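Listing of data-v1.cif, mmCIF, C-alpha atoms; chains and numbers go by the auth columns
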data_entry
#
loop_
_atom_site.group_PDB
_atom_site.id
_atom_site.type_symbol
_atom_site.label_atom_id
_atom_site.label_comp_id
_atom_site.label_asym_id
_atom_site.label_seq_id
_atom_site.Cartn_x
_atom_site.Cartn_y
_atom_site.Cartn_z
_atom_site.B_iso_or_equiv
_atom_site.auth_seq_id
_atom_site.auth_asym_id
ATOM 1 C CA ALA A 1 0.000 0.000 0.000 0.00 43 A
ATOM 2 C CA LEU A 2 1.115 3.550 -0.667 0.00 44 A
ATOM 3 C CA ASN A 3 2.403 5.381 2.359 0.00 45 A
ATOM 4 C CA PRO A 4 -0.171 8.166 2.972 0.00 46 A
ATOM 5 C CA ASN A 5 2.682 10.433 4.020 0.00 47 A
ATOM 6 C CA THR A 6 3.967 10.614 0.446 0.00 48 A
ATOM 7 C CA LEU A 7 4.369 13.724 -1.687 0.00 49 A
ATOM 8 C CA LEU A 8 5.204 13.701 -5.381 0.00 50 A
ATOM 9 C CA VAL A 9 7.543 16.610 -6.123 0.00 51 A
ATOM 10 C CA ARG A 10 8.230 17.085 -9.820 0.00 52 A
ATOM 11 C CA LEU A 11 11.450 18.434 -11.268 0.00 53 A
ATOM 12 C CA GLY A 12 11.894 22.168 -10.895 0.00 54 A
ATOM 13 C CA VAL A 13 13.435 24.966 -12.901 0.00 55 A
ATOM 14 C CA ASP A 14 15.971 27.696 -12.244 0.00 56 A
ATOM 15 C CA LEU A 15 13.553 30.459 -13.143 0.00 57 A
ATOM 16 C CA ALA A 16 16.053 33.290 -12.743 0.00 58 A
ATOM 17 C CA LEU A 17 18.459 31.636 -15.174 0.00 59 A
ATOM 18 C CA PHE A 18 16.091 30.433 -17.886 0.00 60 A
ATOM 19 C CA GLY A 19 13.854 33.462 -17.601 0.00 61 A
ATOM 20 C CA ARG A 20 16.817 35.424 -18.948 0.00 62 A
ATOM 21 C CA ALA A 21 15.708 34.319 -22.400 0.00 63 A
ATOM 22 C CA LEU A 22 12.969 36.949 -22.073 0.00 64 A
ATOM 23 C CA GLU A 23 15.509 39.769 -21.795 0.00 65 A
ATOM 24 C CA SER A 24 15.469 41.906 -24.939 0.00 66 A
ATOM 25 C CA ALA A 25 19.158 42.826 -24.748 0.00 67 A
ATOM 26 C CA LEU A 26 20.442 39.252 -24.614 0.00 68 A
ATOM 27 C CA PRO A 27 22.985 38.724 -27.441 0.00 69 A
ATOM 28 C CA ALA A 28 22.897 35.777 -29.834 0.00 70 A
ATOM 29 C CA PRO A 29 25.875 33.387 -29.513 0.00 71 A
ATOM 30 C CA ALA A 30 28.149 33.569 -32.551 0.00 72 A
ATOM 31 C CA ASP A 31 27.787 29.898 -33.523 0.00 73 A
ATOM 32 C CA LEU A 32 24.003 30.151 -33.352 0.00 74 A
ATOM 33 C CA ALA A 33 23.887 33.412 -35.293 0.00 75 A
ATOM 34 C CA ALA A 34 25.512 31.557 -38.197 0.00 76 A
ATOM 35 C CA VAL A 35 22.504 29.193 -38.409 0.00 77 A
ATOM 36 C CA PRO A 36 19.660 30.423 -40.667 0.00 78 A
ATOM 37 C CA GLU A 37 16.165 30.970 -39.322 0.00 79 A
ATOM 38 C CA PRO A 38 13.715 29.557 -38.451 0.00 80 A
ATOM 39 C CA ARG A 39 15.597 27.515 -35.866 0.00 81 A
ATOM 40 C CA ILE A 40 14.158 24.444 -34.121 0.00 82 A
ATOM 41 C CA GLY A 41 16.017 24.019 -30.842 0.00 83 A
ATOM 42 C CA TYR A 42 16.843 20.970 -28.773 0.00 84 A
ATOM 43 C CA VAL A 43 18.983 20.963 -25.629 0.00 85 A
ATOM 44 C CA GLY A 44 20.068 17.765 -23.926 0.00 86 A
ATOM 45 C CA ALA A 45 22.083 14.596 -24.218 0.00 87 A
ATOM 46 C CA LEU A 46 22.140 13.191 -27.751 0.00 88 A
ATOM 47 C CA ASP A 47 21.485 9.584 -26.713 0.00 89 A
ATOM 48 C CA ALA A 48 19.797 7.276 -29.233 0.00 90 A
ATOM 49 C CA TYR A 49 17.856 5.323 -26.581 0.00 91 A
ATOM 50 C CA LYS A 50 15.929 8.502 -25.878 0.00 92 A
ATOM 51 C CA VAL A 51 16.218 10.978 -28.760 0.00 93 A
ATOM 52 C CA ASP A 52 14.359 9.970 -31.923 0.00 94 A
ATOM 53 C CA PHE A 53 16.946 10.780 -34.582 0.00 95 A
ATOM 54 C CA ASP A 54 14.832 9.118 -37.279 0.00 96 A
ATOM 55 C CA LEU A 55 12.039 11.568 -36.457 0.00 97 A
ATOM 56 C CA ILE A 56 14.404 14.535 -36.604 0.00 98 A
ATOM 57 C CA ALA A 57 15.928 13.406 -39.907 0.00 99 A
ATOM 58 C CA SER A 58 12.507 12.776 -41.445 0.00 100 A
ATOM 59 C CA ILE A 59 11.301 16.271 -40.595 0.00 101 A
ATOM 60 C CA ALA A 60 14.602 17.811 -41.655 0.00 102 A
ATOM 61 C CA ARG A 61 14.264 16.182 -45.080 0.00 103 A
ATOM 62 C CA SER A 62 10.624 17.182 -45.552 0.00 104 A
ATOM 63 C CA HIS A 63 11.263 20.743 -44.328 0.00 105 A
ATOM 64 C CA PRO A 64 14.717 21.803 -45.523 0.00 106 A
ATOM 65 C CA GLU A 65 13.769 25.410 -44.758 0.00 107 A
ATOM 66 C CA TRP A 66 13.769 24.635 -41.015 0.00 108 A
ATOM 67 C CA HIS A 67 17.147 24.480 -39.303 0.00 109 A
ATOM 68 C CA TRP A 68 17.572 22.198 -36.292 0.00 110 A
ATOM 69 C CA VAL A 69 19.934 23.388 -33.569 0.00 111 A
ATOM 70 C CA LEU A 70 21.006 20.437 -31.405 0.00 112 A
ATOM 71 C CA ILE A 71 22.901 21.356 -28.259 0.00 113 A
ATOM 72 C CA GLY A 72 24.362 18.660 -26.055 0.00 114 A
ATOM 73 C CA GLY A 73 26.942 15.935 -25.692 0.00 115 A
ATOM 74 C CA THR A 74 26.791 12.696 -27.683 0.00 116 A
ATOM 75 C CA GLY A 75 26.478 9.298 -26.039 0.00 117 A
ATOM 76 C CA VAL A 76 26.307 10.693 -22.521 0.00 118 A
ATOM 77 C CA SER A 77 24.426 7.662 -21.178 0.00 119 A
ATOM 78 C CA ASP A 78 24.376 5.003 -23.891 0.00 120 A
ATOM 79 C CA GLY A 79 27.566 5.368 -25.890 0.00 121 A
ATOM 80 C CA THR A 80 25.879 6.764 -29.006 0.00 122 A
ATOM 81 C CA SER A 81 28.614 7.639 -31.495 0.00 123 A
ATOM 82 C CA ALA A 82 28.696 11.051 -33.138 0.00 124 A
ATOM 83 C CA SER A 83 29.266 9.260 -36.437 0.00 125 A
ATOM 84 C CA ALA A 84 25.856 7.587 -36.056 0.00 126 A
ATOM 85 C CA LEU A 85 23.943 10.879 -35.946 0.00 127 A
ATOM 86 C CA PRO A 86 22.073 11.912 -39.091 0.00 128 A
ATOM 87 C CA ARG A 87 23.928 14.419 -41.245 0.00 129 A
ATOM 88 C CA LEU A 88 21.899 16.881 -43.280 0.00 130 A
ATOM 89 C CA PRO A 89 22.543 20.497 -44.306 0.00 131 A
ATOM 90 C CA ASN A 90 19.845 21.756 -41.933 0.00 132 A
ATOM 91 C CA LEU A 91 20.973 19.761 -38.894 0.00 133 A
ATOM 92 C CA HIS A 92 23.410 21.791 -36.805 0.00 134 A
ATOM 93 C CA TYR A 93 25.232 20.090 -33.923 0.00 135 A
ATOM 94 C CA LEU A 94 26.675 22.814 -31.702 0.00 136 A
ATOM 95 C CA GLY A 95 27.968 20.541 -28.937 0.00 137 A
ATOM 96 C CA ALA A 96 27.547 20.826 -25.187 0.00 138 A
ATOM 97 C CA LYS A 97 27.355 24.303 -23.669 0.00 139 A
ATOM 98 C CA PRO A 98 27.786 25.630 -20.121 0.00 140 A
ATOM 99 C CA ARG A 99 24.430 25.663 -18.386 0.00 141 A
ATOM 100 C CA GLU A 100 24.522 29.415 -17.818 0.00 142 A
ATOM 101 C CA GLU A 101 24.746 29.971 -21.591 0.00 143 A
ATOM 102 C CA ILE A 102 21.745 27.822 -22.533 0.00 144 A
ATOM 103 C CA PRO A 103 19.158 30.652 -22.222 0.00 145 A
ATOM 104 C CA PHE A 104 21.144 32.617 -24.819 0.00 146 A
ATOM 105 C CA TYR A 105 20.600 29.773 -27.287 0.00 147 A
ATOM 106 C CA LEU A 106 16.966 29.152 -26.426 0.00 148 A
ATOM 107 C CA LYS A 107 16.062 32.805 -26.890 0.00 149 A
ATOM 108 C CA PHE A 108 17.100 32.788 -30.525 0.00 150 A
ATOM 109 C CA CYS A 109 15.312 29.582 -31.507 0.00 151 A
ATOM 110 C CA SER A 110 11.847 29.872 -33.021 0.00 152 A
ATOM 111 C CA VAL A 111 10.410 26.633 -31.607 0.00 153 A
ATOM 112 C CA LEU A 112 11.862 24.374 -28.895 0.00 154 A
ATOM 113 C CA SER A 113 11.540 20.615 -29.157 0.00 155 A
ATOM 114 C CA VAL A 114 11.531 17.363 -27.203 0.00 156 A
ATOM 115 C CA PRO A 115 11.741 14.757 -30.012 0.00 157 A
ATOM 116 C CA TYR A 116 11.859 11.647 -27.841 0.00 158 A
ATOM 117 C CA ARG A 117 11.264 8.037 -28.744 0.00 159 A
ATOM 118 C CA ARG A 118 8.078 6.548 -27.352 0.00 160 A
ATOM 119 C CA ASN A 119 9.165 3.512 -25.344 0.00 161 A
ATOM 120 C CA ASP A 120 8.961 2.074 -21.828 0.00 162 A
ATOM 121 C CA TYR A 121 11.743 4.340 -20.621 0.00 163 A
ATOM 122 C CA THR A 122 10.321 7.612 -21.901 0.00 164 A
ATOM 123 C CA ALA A 123 6.771 6.637 -20.871 0.00 165 A
ATOM 124 C CA ASN A 124 7.931 7.050 -17.265 0.00 166 A
ATOM 125 C CA LEU A 125 10.241 9.963 -17.923 0.00 167 A
ATOM 126 C CA THR A 126 10.264 13.417 -16.446 0.00 168 A
ATOM 127 C CA THR A 127 12.694 15.907 -17.899 0.00 169 A
ATOM 128 C CA LEU A 128 14.285 19.078 -16.627 0.00 170 A
ATOM 129 C CA LYS A 129 14.222 20.682 -20.035 0.00 171 A
ATOM 130 C CA MET A 130 10.433 21.003 -20.309 0.00 172 A
ATOM 131 C CA HIS A 131 10.011 23.661 -17.621 0.00 173 A
ATOM 132 C CA GLU A 132 13.296 25.253 -18.673 0.00 174 A
ATOM 133 C CA TYR A 133 11.789 25.608 -22.147 0.00 175 A
ATOM 134 C CA LEU A 134 8.526 26.958 -20.740 0.00 176 A
ATOM 135 C CA ALA A 135 10.396 29.609 -18.745 0.00 177 A
ATOM 136 C CA THR A 136 11.490 31.139 -22.064 0.00 178 A
ATOM 137 C CA GLY A 137 7.882 31.544 -23.242 0.00 179 A
ATOM 138 C CA LYS A 138 8.780 29.907 -26.567 0.00 180 A
ATOM 139 C CA PRO A 139 6.492 27.499 -28.453 0.00 181 A
ATOM 140 C CA VAL A 140 7.302 23.861 -27.684 0.00 182 A
ATOM 141 C CA ALA A 141 6.745 20.754 -29.821 0.00 183 A
ATOM 142 C CA ALA A 142 7.187 17.423 -28.052 0.00 184 A
ATOM 143 C CA SER A 143 6.597 13.721 -28.420 0.00 185 A
ATOM 144 C CA ASP A 144 3.291 12.592 -26.938 0.00 186 A
ATOM 145 C CA LEU A 145 4.432 11.214 -23.592 0.00 187 A
ATOM 146 C CA PRO A 146 2.289 10.830 -20.447 0.00 188 A
ATOM 147 C CA HIS A 147 4.182 13.377 -18.362 0.00 189 A
ATOM 148 C CA PHE A 148 3.700 16.094 -21.001 0.00 190 A
ATOM 149 C CA ARG A 149 -0.045 15.744 -21.550 0.00 191 A
ATOM 150 C CA ARG A 150 -1.036 17.940 -18.639 0.00 192 A
ATOM 151 C CA LEU A 151 0.840 20.818 -20.332 0.00 193 A
ATOM 152 C CA VAL A 152 -1.391 20.992 -23.411 0.00 194 A
ATOM 153 C CA PRO A 153 -2.076 23.591 -24.935 0.00 195 A
ATOM 154 C CA LEU A 154 1.133 25.256 -23.704 0.00 196 A
ATOM 155 C CA VAL A 155 2.994 22.398 -25.385 0.00 197 A
ATOM 156 C CA ARG A 156 2.009 20.833 -28.719 0.00 198 A
ATOM 157 C CA LEU A 157 2.268 17.032 -28.707 0.00 199 A
ATOM 158 C CA ALA A 158 2.782 14.596 -31.572 0.00 200 A
ATOM 159 C CA SER A 159 2.974 10.831 -32.058 0.00 201 A
ATOM 160 C CA VAL A 160 4.442 10.558 -35.587 0.00 202 A
ATOM 161 C CA SER A 161 6.701 12.697 -37.762 0.00 203 A
ATOM 162 C CA GLU A 162 3.848 14.300 -39.719 0.00 204 A
ATOM 163 C CA GLU A 163 2.178 15.387 -36.475 0.00 205 A
ATOM 164 C CA PHE A 164 5.474 16.630 -35.085 0.00 206 A
ATOM 165 C CA ALA A 165 6.082 18.705 -38.205 0.00 207 A
ATOM 166 C CA ALA A 166 2.569 20.126 -37.901 0.00 208 A
ATOM 167 C CA ALA A 167 3.250 21.013 -34.239 0.00 209 A
ATOM 168 C CA ILE A 168 6.398 22.866 -35.288 0.00 210 A
ATOM 169 C CA ALA A 169 4.530 24.673 -38.059 0.00 211 A
ATOM 170 C CA GLU A 170 1.834 25.748 -35.588 0.00 212 A
ATOM 171 C CA GLY A 171 4.516 27.010 -33.237 0.00 213 A
ATOM 172 C CA LEU A 172 6.165 29.011 -35.993 0.00 214 A
ATOM 173 C CA ALA A 173 2.806 30.568 -36.878 0.00 215 A
ATOM 174 C CA GLU A 174 1.799 31.263 -33.267 0.00 216 A
ATOM 175 C CA THR A 175 0.401 34.763 -32.726 0.00 217 A
ATOM 176 C CA ASP A 176 -1.297 34.417 -29.317 0.00 218 A
ATOM 177 C CA ALA A 177 1.019 36.412 -27.044 0.00 219 A
ATOM 178 C CA SER A 178 -0.824 35.165 -23.955 0.00 220 A
ATOM 179 C CA LEU A 179 0.623 31.685 -24.485 0.00 221 A
ATOM 180 C CA ALA A 180 4.149 32.940 -23.766 0.00 222 A
ATOM 181 C CA ALA A 181 2.975 34.469 -20.475 0.00 223 A
ATOM 182 C CA ARG A 182 1.113 31.283 -19.543 0.00 224 A
ATOM 183 C CA ARG A 183 4.196 29.167 -20.249 0.00 225 A
ATOM 184 C CA TRP A 184 6.298 31.362 -17.985 0.00 226 A
ATOM 185 C CA ALA A 185 3.622 31.181 -15.272 0.00 227 A
ATOM 186 C CA GLU A 186 3.610 27.368 -15.496 0.00 228 A
ATOM 187 C CA ALA A 187 7.382 27.340 -15.135 0.00 229 A
ATOM 188 C CA ALA A 188 7.176 29.755 -12.193 0.00 230 A
ATOM 189 C CA GLU A 189 4.892 27.332 -10.356 0.00 231 A
ATOM 190 C CA HIS A 190 7.703 24.780 -10.590 0.00 232 A
ATOM 191 C CA SER A 191 10.655 26.914 -9.576 0.00 233 A
ATOM 192 C CA TRP A 192 13.077 25.131 -7.275 0.00 234 A
ATOM 193 C CA GLU A 193 12.137 27.611 -4.547 0.00 235 A
ATOM 194 C CA LYS A 194 8.457 26.657 -4.800 0.00 236 A
ATOM 195 C CA GLN A 195 9.259 22.962 -4.946 0.00 237 A
ATOM 196 C CA ALA A 196 11.429 23.240 -1.840 0.00 238 A
ATOM 197 C CA GLY A 197 8.636 25.147 -0.102 0.00 239 A
ATOM 198 C CA ARG A 198 6.149 22.390 -0.915 0.00 240 A
ATOM 199 C CA MET A 199 8.472 19.783 0.544 0.00 241 A
ATOM 200 C CA LEU A 200 9.043 21.775 3.728 0.00 242 A
ATOM 201 C CA ASP A 201 5.318 22.397 4.184 0.00 243 A
ATOM 202 C CA PHE A 202 4.634 18.705 3.714 0.00 244 A
ATOM 203 C CA VAL A 203 7.301 17.654 6.220 0.00 245 A
ATOM 204 C CA ARG A 204 5.932 20.132 8.760 0.00 246 A
ATOM 205 C CA SER A 205 2.382 18.832 8.247 0.00 247 A
ATOM 206 C CA VAL A 206 3.495 15.221 8.784 0.00 248 A
ATOM 207 C CA GLU A 207 5.471 16.176 11.872 0.00 249 A
ATOM 208 C CA GLY A 208 2.457 18.078 13.169 0.00 250 A
ATOM 209 C CA LYS A 209 0.212 15.027 12.781 0.00 251 A
ATOM 210 C CA ARG A 210 2.712 12.857 14.637 0.00 252 A
ATOM 211 C CA ASP A 211 2.959 15.366 17.465 0.00 253 A
ATOM 212 C CA GLY A 212 -0.827 15.606 17.654 0.00 254 A
ATOM 213 C CA ARG A 213 -0.829 19.276 16.702 0.00 255 A
ATOM 214 C CA SER A 214 -3.036 18.846 13.625 0.00 256 A
#
Please render this file's structure as structure tokens.
Amino acid sequence: ALNPNTLLVRLGVDLALFGRALESALPAPADLAAVPEPRIGYVGALDAYKVDFDLIASIARSHPEWHWVLIGGTGVSDGTSASALPRLPNLHYLGAKPREEIPFYLKFCSVLSVPYRRNDYTANLTTLKMHEYLATGKPVAASDLPHFRRLVPLVRLASVSEEFAAAIAEGLAETDASLAARRWAEAAEHSWEKQAGRMLDFVRSVEGKRDGRS
């Protein structure tokens, strides 16, 4: 049986850091500035057990006018070789970046993406990047995974490459400015400060019950 004194605390976000992507004066990194627009961004480990490179390559071929910016190390967890990654003119591998520089890259992408495989691992996955993306206010296209469904319509979900391409296209055409504010507000509800506060409140409430104070 589940312990009644159990609290699910989801991953948080460094709101002060990733919210910097909303600053108008933030400069574009030189290597990103060399990539044509529109840019479809991904930040994270480039591991084949998780990232759907077939999906990315399929969309890149069908939409050569979109340029994918992939930021992260290769084979961080599963030994994926850089030589195994798809190579197309509109796929740009910029390598791993210091965490404090990531908002600079996210700001200058048009749509942010989570192109994950749909398997037993990802079905139970939570990911730091989702609320980091949301803190930028940018449109997000993601694979249809259980953990992401509660974020619709702030995030557009897709099951196959055609749907994912449509989600990107909708993000590129987005004109509803309120969505950016709602994404930031969702991220703000999951700041590390708020998550820590929830844990402390929960611990105090359990201690209070044990001491007979509530």
Find the residues of range 115-139 of chain A that sit at most 12 Å from range 63-73 of chain A; for each, write down the nearest two atoms and how far apart they are in Å, to one decimal. Count all atoms listed in the file. Sort by chain, then by number going up, and give it as a tab-separated table.
residue	atom	partner	partner_atom	distance
A:His134	CA	A:Asp73	CA	9.8
A:Tyr135	CA	A:Asp73	CA	10.1
A:Leu136	CA	A:Asp73	CA	7.4
A:Gly137	CA	A:Asp73	CA	10.4
A:Lys139	CA	A:Pro71	CA	10.9
Dump C-alpha atoms for the selected residues as a CSV table (one decimal), keeping the file's coordinate frame?
chain,number,residue,atom,x,y,z
A,134,HIS,CA,23.4,21.8,-36.8
A,135,TYR,CA,25.2,20.1,-33.9
A,136,LEU,CA,26.7,22.8,-31.7
A,137,GLY,CA,28.0,20.5,-28.9
A,139,LYS,CA,27.4,24.3,-23.7
The PyMOL selection byres ((chain A and resi 55) around 10) applied to the shown file, residues as a ChimeraX atom specification | /A:52-54,56-61,170-177,229-237
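Picture a line from CA of Leu88 in chain A to CA of Thr116 in chain A; it runs 4.7 Å.
Residue nearest Pro128 in chain A, chosen from A:Tyr84, A:Phe95, A:Trp226, A:Tyr158 and counting only C-alpha atoms: A:Phe95.
The smallest atom-to-atom distance between Ser185 in chain A and any of A:Asp89, A:Asp253, A:Glu228, A:Asp94, using all atoms listed in the file, is found for A:Asp94.
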Identify all residues satisfying the PyMOL selection byres ((chain A and resi 193-208) around 9) in the given file; provide them as a PyMOL selection string.
-> chain A and resi 96-98+100-101+104-105+157+160+176+181-187+189-192+209-213+221-222+224-225+228
When you draw a straight line from CA of His109 in chain A to CA of Arg81 in chain A, how long is it in Å?
-> 4.8 Å
Using only C-alpha atoms, the best pick from A:Leu44, A:Leu74, A:Val245, A:Ala90 as closest to Arg159 in chain A would be A:Ala90
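For the residues A:Leu133, A:Leu127, A:Ile144, A:Leu50, ranking by smallest atom-to-atom distance to Trp108 in chain A using all atoms listed in the file places A:Leu133 first.
Candidate residues A:Gly86, A:Ala126, A:Asn132, A:Ala223 were compared for distance to Gly114 in chain A, and the nearest is A:Gly86, using all atoms listed in the file.
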From the structure block, carefully write range 162-187 of chain A out with N, CA and C atoms; format it as an mmCIF file, in the first residue's frame.
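The file below, out.cif, is the result:
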data_model
loop_
_atom_site.group_PDB
_atom_site.id
_atom_site.type_symbol
_atom_site.label_atom_id
_atom_site.label_comp_id
_atom_site.auth_asym_id
_atom_site.auth_seq_id
_atom_site.Cartn_x
_atom_site.Cartn_y
_atom_site.Cartn_z
ATOM 1 N N ASP A 162 9.233 2.271 -23.254
ATOM 2 C CA ASP A 162 8.961 2.074 -21.828
ATOM 3 C C ASP A 162 9.739 3.049 -20.962
ATOM 4 N N TYR A 163 10.932 3.401 -21.403
ATOM 5 C CA TYR A 163 11.743 4.340 -20.621
ATOM 6 C C TYR A 163 11.116 5.728 -20.631
ATOM 7 N N THR A 164 10.835 6.241 -21.818
ATOM 8 C CA THR A 164 10.321 7.612 -21.901
ATOM 9 C C THR A 164 8.885 7.726 -21.391
ATOM 10 N N ALA A 165 8.142 6.602 -21.393
ATOM 11 C CA ALA A 165 6.771 6.637 -20.871
ATOM 12 C C ALA A 165 6.746 6.991 -19.389
ATOM 13 N N ASN A 166 7.848 6.751 -18.699
ATOM 14 C CA ASN A 166 7.931 7.050 -17.265
ATOM 15 C C ASN A 166 8.929 8.170 -16.976
ATOM 16 N N LEU A 167 9.195 8.947 -18.009
ATOM 17 C CA LEU A 167 10.241 9.963 -17.923
ATOM 18 C C LEU A 167 9.695 11.314 -17.490
ATOM 19 N N THR A 168 10.436 11.977 -16.639
ATOM 20 C CA THR A 168 10.264 13.417 -16.446
ATOM 21 C C THR A 168 11.565 14.062 -16.906
ATOM 22 N N THR A 169 11.496 15.282 -17.343
ATOM 23 C CA THR A 169 12.694 15.907 -17.899
ATOM 24 C C THR A 169 12.820 17.350 -17.451
ATOM 25 N N LEU A 170 14.023 17.706 -17.055
ATOM 26 C CA LEU A 170 14.285 19.078 -16.627
ATOM 27 C C LEU A 170 13.978 20.082 -17.714
ATOM 28 N N LYS A 171 14.271 19.696 -18.963
ATOM 29 C CA LYS A 171 14.222 20.682 -20.035
ATOM 30 C C LYS A 171 12.836 21.255 -20.280
ATOM 31 N N MET A 172 11.759 20.497 -19.958
ATOM 32 C CA MET A 172 10.433 21.003 -20.309
ATOM 33 C C MET A 172 10.117 22.330 -19.611
ATOM 34 N N HIS A 173 10.316 22.402 -18.302
ATOM 35 C CA HIS A 173 10.011 23.661 -17.621
ATOM 36 C C HIS A 173 11.082 24.721 -17.895
ATOM 37 N N GLU A 174 12.284 24.289 -18.233
ATOM 38 C CA GLU A 174 13.296 25.253 -18.673
ATOM 39 C C GLU A 174 12.862 25.888 -19.990
ATOM 40 N N TYR A 175 12.346 25.079 -20.901
ATOM 41 C CA TYR A 175 11.789 25.608 -22.147
ATOM 42 C C TYR A 175 10.639 26.573 -21.857
ATOM 43 N N LEU A 176 9.708 26.144 -21.014
ATOM 44 C CA LEU A 176 8.526 26.958 -20.740
ATOM 45 C C LEU A 176 8.896 28.306 -20.132
ATOM 46 N N ALA A 177 9.969 28.345 -19.362
ATOM 47 C CA ALA A 177 10.396 29.609 -18.745
ATOM 48 C C ALA A 177 10.805 30.641 -19.778
ATOM 49 N N THR A 178 11.120 30.198 -21.000
ATOM 50 C CA THR A 178 11.490 31.139 -22.064
ATOM 51 C C THR A 178 10.268 31.730 -22.762
ATOM 52 N N GLY A 179 9.098 31.100 -22.555
ATOM 53 C CA GLY A 179 7.882 31.544 -23.242
ATOM 54 C C GLY A 179 7.760 31.054 -24.670
ATOM 55 N N LYS A 180 8.754 30.329 -25.168
ATOM 56 C CA LYS A 180 8.780 29.907 -26.567
ATOM 57 C C LYS A 180 7.785 28.770 -26.836
ATOM 58 N N PRO A 181 7.293 28.672 -28.085
ATOM 59 C CA PRO A 181 6.492 27.499 -28.453
ATOM 60 C C PRO A 181 7.310 26.221 -28.298
ATOM 61 N N VAL A 182 6.635 25.145 -27.910
ATOM 62 C CA VAL A 182 7.302 23.861 -27.684
ATOM 63 C C VAL A 182 6.548 22.767 -28.434
ATOM 64 N N ALA A 183 7.289 21.957 -29.190
ATOM 65 C CA ALA A 183 6.745 20.754 -29.821
ATOM 66 C C ALA A 183 7.417 19.555 -29.171
ATOM 67 N N ALA A 184 6.632 18.557 -28.787
ATOM 68 C CA ALA A 184 7.187 17.423 -28.052
ATOM 69 C C ALA A 184 6.502 16.132 -28.439
ATOM 70 N N SER A 185 7.198 15.036 -28.243
ATOM 71 C CA SER A 185 6.597 13.721 -28.420
ATOM 72 C C SER A 185 5.479 13.532 -27.397
ATOM 73 N N ASP A 186 4.452 12.801 -27.800
ATOM 74 C CA ASP A 186 3.291 12.592 -26.938
ATOM 75 C C ASP A 186 3.624 11.566 -25.867
ATOM 76 N N LEU A 187 4.079 12.059 -24.726
ATOM 77 C CA LEU A 187 4.432 11.214 -23.592
ATOM 78 C C LEU A 187 3.540 11.569 -22.401
#
